[in-house]
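To keep things clear, I will list the structure first and then write my remarks on it.
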Amino acid sequence: MEQRKVAFIGAGNMTRSIVAGLVASGYEPSQIIATNRSEEKLTALQQDYGVQVTTDNVAAAQQADVVVMAVKPQLMEEVAKPLQVIDFSNKLVISIAAGINVARMQQMFACELNLIRVMPNTPSL
């Protein structure tokens with residue numbers, strides 16, 4: 001299976017569950033990067049799963065093939081605005097933010113996205 005570079009923008013409980021599942025199923029940790037404001041959450045993810053971490057959302061999204069938007073819905077616009085500098089035409093964007101539809105996501109990113117909306121839960125680990 002070809003493994004694409006995946007960036008998780010936001011490193012809360014859902015990201016932790018998804019990363020744990022990916023790594024447990026054989027996904028190469030070096031192909032995963034997570035971002036967050038909290039250095040503590042990033043350090044824990046890196047220590048537990050061996051993934052790359054950063055506080056720089058733009059850098060993480062630029063190097064990824066798949067960008068998972070894992071931030072709270074009320075923070076999505078604030079987090080998306082700096083990402084508008086990125087060319088998303090060849091990237092897949094996955095949103096796990098409840099209540100934000102495709103049209104609104106595209107408006108926040110100021111471009112048309114290759115977007116999938118999903119609603120996982122932490123037992124998905």
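Naming scheme: A, B, ... for chains in displayed order of the structure tokens; residues 1 onward per chain; ligands 1 onward as shown.
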
Please provide the set of residues having any atom within 10 Å of segment 100-111 of chain A, restricted to only C-alpha atoms, with same-chain residues fewer than 5 positions apart removed, written as an NGL selection string.
-> :A and (73-74 or 76-89 or 93 or 95 or 116-117)

Give the strand (DSSP E) residues of chain A, as DSSP finds them on the backbone, and put them as a list in words.
->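 Those in chain A that DSSP calls strand (DSSP E) are Val6, Ala7, Phe8, Ile9, Ile32, Ile33, Ala34, Thr35, Gln52, Val53, Thr54, Val66, Val67, Val68, Met69, Leu92, Val93, Ile94, Ser95, Asn114, Leu115, Ile116 and Arg117 of chain A.
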
Near segment 61-65 of chain A, counting only C-alpha atoms, which residues have an atom at most 10 Å away, once you skip same-chain residues fewer than 2 positions from it, shown as a count of residues only?
-> 28

Counting only C-alpha atoms, the option among A:Ala60, A:Ala70, A:Arg37, A:Gly50 closest to Ile18 of chain A |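 Closest to Ile18 of chain A, using only C-alpha atoms: A:Ala70.
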
Alpha helix (DSSP H) residues, from DSSP on the backbone, in segment 11-114 of chain A, as a ChimeraX atom specification | /A:13-24,39-49,57-63,76-83,102-109

Using only C-alpha atoms: which of A:Val66, A:Gly21, A:Ala98, A:Val71 has the shortest distance to Leu113 of chain A |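 Selected residue with least distance to Leu113 of chain A: A:Val66.
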
Work out how far apart atom CA of Val53 of chain A and atom CA of Glu112 of chain A are and give it in Å to one decimal.
->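 The value is 27.1 Å.
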
Counting only C-alpha atoms, the residue of A:Ala11, A:Ser38, A:Val51, A:Glu2 that sits nearest Val23 of chain A = A:Val51

Extract, using only C-alpha atoms, all DNA, RNA and protein residues at most 10 Å from Leu45 of chain A, discarding same-chain residues fewer than 2 positions from it, and format them as a compact mmCIF listing (two decimals) with all heavy atoms, in the first residue's frame.
# COMPACT_ATOMS: atom_id res chain seq x y z
N ALA A 11 -4.08 18.41 17.46
CA ALA A 11 -3.59 17.16 18.03
C ALA A 11 -4.33 16.80 19.31
O ALA A 11 -3.72 16.46 20.31
CB ALA A 11 -2.08 17.25 18.27
N GLY A 12 -5.65 16.87 19.24
CA GLY A 12 -6.46 16.51 20.40
C GLY A 12 -6.76 15.03 20.45
O GLY A 12 -6.05 14.20 19.84
N THR A 15 -7.35 13.19 16.96
CA THR A 15 -6.09 12.97 16.25
C THR A 15 -5.32 11.84 16.91
O THR A 15 -4.81 10.95 16.23
CB THR A 15 -5.24 14.25 16.21
OG1 THR A 15 -5.91 15.21 15.38
CG2 THR A 15 -3.85 14.00 15.67
N ARG A 16 -5.25 11.86 18.21
CA ARG A 16 -4.53 10.81 18.94
C ARG A 16 -5.12 9.43 18.62
O ARG A 16 -4.38 8.48 18.37
CB ARG A 16 -4.59 11.10 20.44
CG ARG A 16 -3.74 10.17 21.25
CD ARG A 16 -3.66 10.65 22.70
NE ARG A 16 -2.72 9.85 23.44
CZ ARG A 16 -1.39 9.91 23.34
NH1 ARG A 16 -0.84 10.77 22.52
NH2 ARG A 16 -0.62 9.12 24.05
N VAL A 19 -4.27 8.57 14.86
CA VAL A 19 -2.84 8.27 14.72
C VAL A 19 -2.53 6.91 15.34
O VAL A 19 -1.81 6.10 14.74
CB VAL A 19 -1.97 9.39 15.36
CG1 VAL A 19 -0.53 8.94 15.51
CG2 VAL A 19 -2.05 10.65 14.51
N ALA A 20 -3.07 6.64 16.51
CA ALA A 20 -2.84 5.34 17.16
C ALA A 20 -3.30 4.20 16.26
O ALA A 20 -2.60 3.19 16.10
CB ALA A 20 -3.56 5.29 18.50
N ILE A 33 2.52 13.79 10.38
CA ILE A 33 2.95 14.98 11.10
C ILE A 33 1.73 15.58 11.78
O ILE A 33 0.65 15.62 11.19
CB ILE A 33 3.66 16.00 10.18
CG1 ILE A 33 4.22 17.16 10.98
CG2 ILE A 33 2.77 16.47 9.06
CD1 ILE A 33 5.20 18.04 10.22
N ALA A 34 1.89 16.02 13.01
CA ALA A 34 0.79 16.62 13.76
C ALA A 34 1.19 18.01 14.24
O ALA A 34 2.34 18.25 14.58
CB ALA A 34 0.43 15.74 14.97
N GLU A 39 2.57 22.30 23.17
CA GLU A 39 3.80 21.51 23.05
C GLU A 39 3.66 20.19 23.81
O GLU A 39 4.20 19.17 23.40
CB GLU A 39 4.99 22.30 23.58
CG GLU A 39 5.37 23.50 22.75
CD GLU A 39 6.21 23.14 21.53
OE1 GLU A 39 6.66 21.99 21.42
OE2 GLU A 39 6.40 24.04 20.70
N GLU A 40 2.93 20.22 24.92
CA GLU A 40 2.73 19.03 25.73
C GLU A 40 2.03 17.92 24.94
O GLU A 40 2.44 16.76 24.96
CB GLU A 40 1.92 19.38 26.98
CG GLU A 40 1.75 18.26 27.97
CD GLU A 40 0.98 18.71 29.20
OE1 GLU A 40 1.16 19.87 29.65
OE2 GLU A 40 0.20 17.90 29.71
N LYS A 41 0.97 18.27 24.22
CA LYS A 41 0.25 17.28 23.41
C LYS A 41 1.14 16.75 22.30
O LYS A 41 1.12 15.56 21.98
CB LYS A 41 -1.03 17.87 22.83
CG LYS A 41 -2.13 18.03 23.84
CD LYS A 41 -3.40 18.54 23.21
CE LYS A 41 -4.48 18.68 24.26
NZ LYS A 41 -5.75 19.13 23.68
N LEU A 42 1.91 17.64 21.69
CA LEU A 42 2.79 17.22 20.61
C LEU A 42 3.88 16.28 21.11
O LEU A 42 4.17 15.26 20.48
CB LEU A 42 3.41 18.44 19.93
CG LEU A 42 2.45 19.33 19.15
CD1 LEU A 42 3.18 20.56 18.62
CD2 LEU A 42 1.77 18.58 18.02
N THR A 43 4.47 16.62 22.23
CA THR A 43 5.52 15.77 22.81
C THR A 43 4.98 14.38 23.11
O THR A 43 5.63 13.37 22.81
CB THR A 43 6.10 16.42 24.08
OG1 THR A 43 6.66 17.69 23.71
CG2 THR A 43 7.17 15.55 24.71
N GLN A 47 6.34 10.97 21.41
CA GLN A 47 6.91 9.91 22.25
C GLN A 47 6.12 8.60 22.12
O GLN A 47 6.71 7.53 22.06
CB GLN A 47 6.94 10.36 23.71
CG GLN A 47 7.99 11.41 23.98
CD GLN A 47 7.94 11.93 25.41
OE1 GLN A 47 7.00 11.69 26.16
NE2 GLN A 47 8.98 12.68 25.78
N ASP A 48 4.80 8.69 22.07
CA ASP A 48 3.97 7.49 22.04
C ASP A 48 3.93 6.80 20.68
O ASP A 48 3.83 5.57 20.61
CB ASP A 48 2.53 7.82 22.47
CG ASP A 48 2.44 8.23 23.94
OD1 ASP A 48 3.42 8.03 24.68
OD2 ASP A 48 1.39 8.77 24.33
N TYR A 49 4.01 7.59 19.58
CA TYR A 49 3.82 7.00 18.25
C TYR A 49 4.95 7.26 17.27
O TYR A 49 4.93 6.74 16.16
CB TYR A 49 2.48 7.48 17.67
CG TYR A 49 1.34 7.15 18.58
CD1 TYR A 49 0.70 8.15 19.33
CD2 TYR A 49 0.92 5.84 18.76
CE1 TYR A 49 -0.33 7.84 20.20
CE2 TYR A 49 -0.12 5.52 19.62
CZ TYR A 49 -0.73 6.53 20.34
OH TYR A 49 -1.74 6.21 21.21
N GLY A 50 5.91 8.09 17.63
CA GLY A 50 7.05 8.33 16.76
C GLY A 50 6.76 9.21 15.57
O GLY A 50 7.53 9.23 14.60
N VAL A 51 5.66 9.95 15.60
CA VAL A 51 5.30 10.83 14.49
C VAL A 51 6.06 12.14 14.58
O VAL A 51 6.58 12.50 15.63
CB VAL A 51 3.78 11.07 14.44
CG1 VAL A 51 3.02 9.77 14.28
CG2 VAL A 51 3.29 11.83 15.66
N GLN A 52 6.09 12.87 13.47
CA GLN A 52 6.69 14.20 13.45
C GLN A 52 5.70 15.18 14.07
O GLN A 52 4.49 15.01 13.93
CB GLN A 52 6.99 14.62 12.02
CG GLN A 52 7.95 13.72 11.29
CD GLN A 52 8.03 14.14 9.84
OE1 GLN A 52 8.44 15.26 9.53
NE2 GLN A 52 7.65 13.25 8.95
N VAL A 53 6.21 16.22 14.70
CA VAL A 53 5.35 17.23 15.30
C VAL A 53 5.90 18.63 15.03
O VAL A 53 7.10 18.80 14.83
CB VAL A 53 5.16 17.01 16.82
CG1 VAL A 53 4.47 15.69 17.11
CG2 VAL A 53 6.49 17.08 17.55
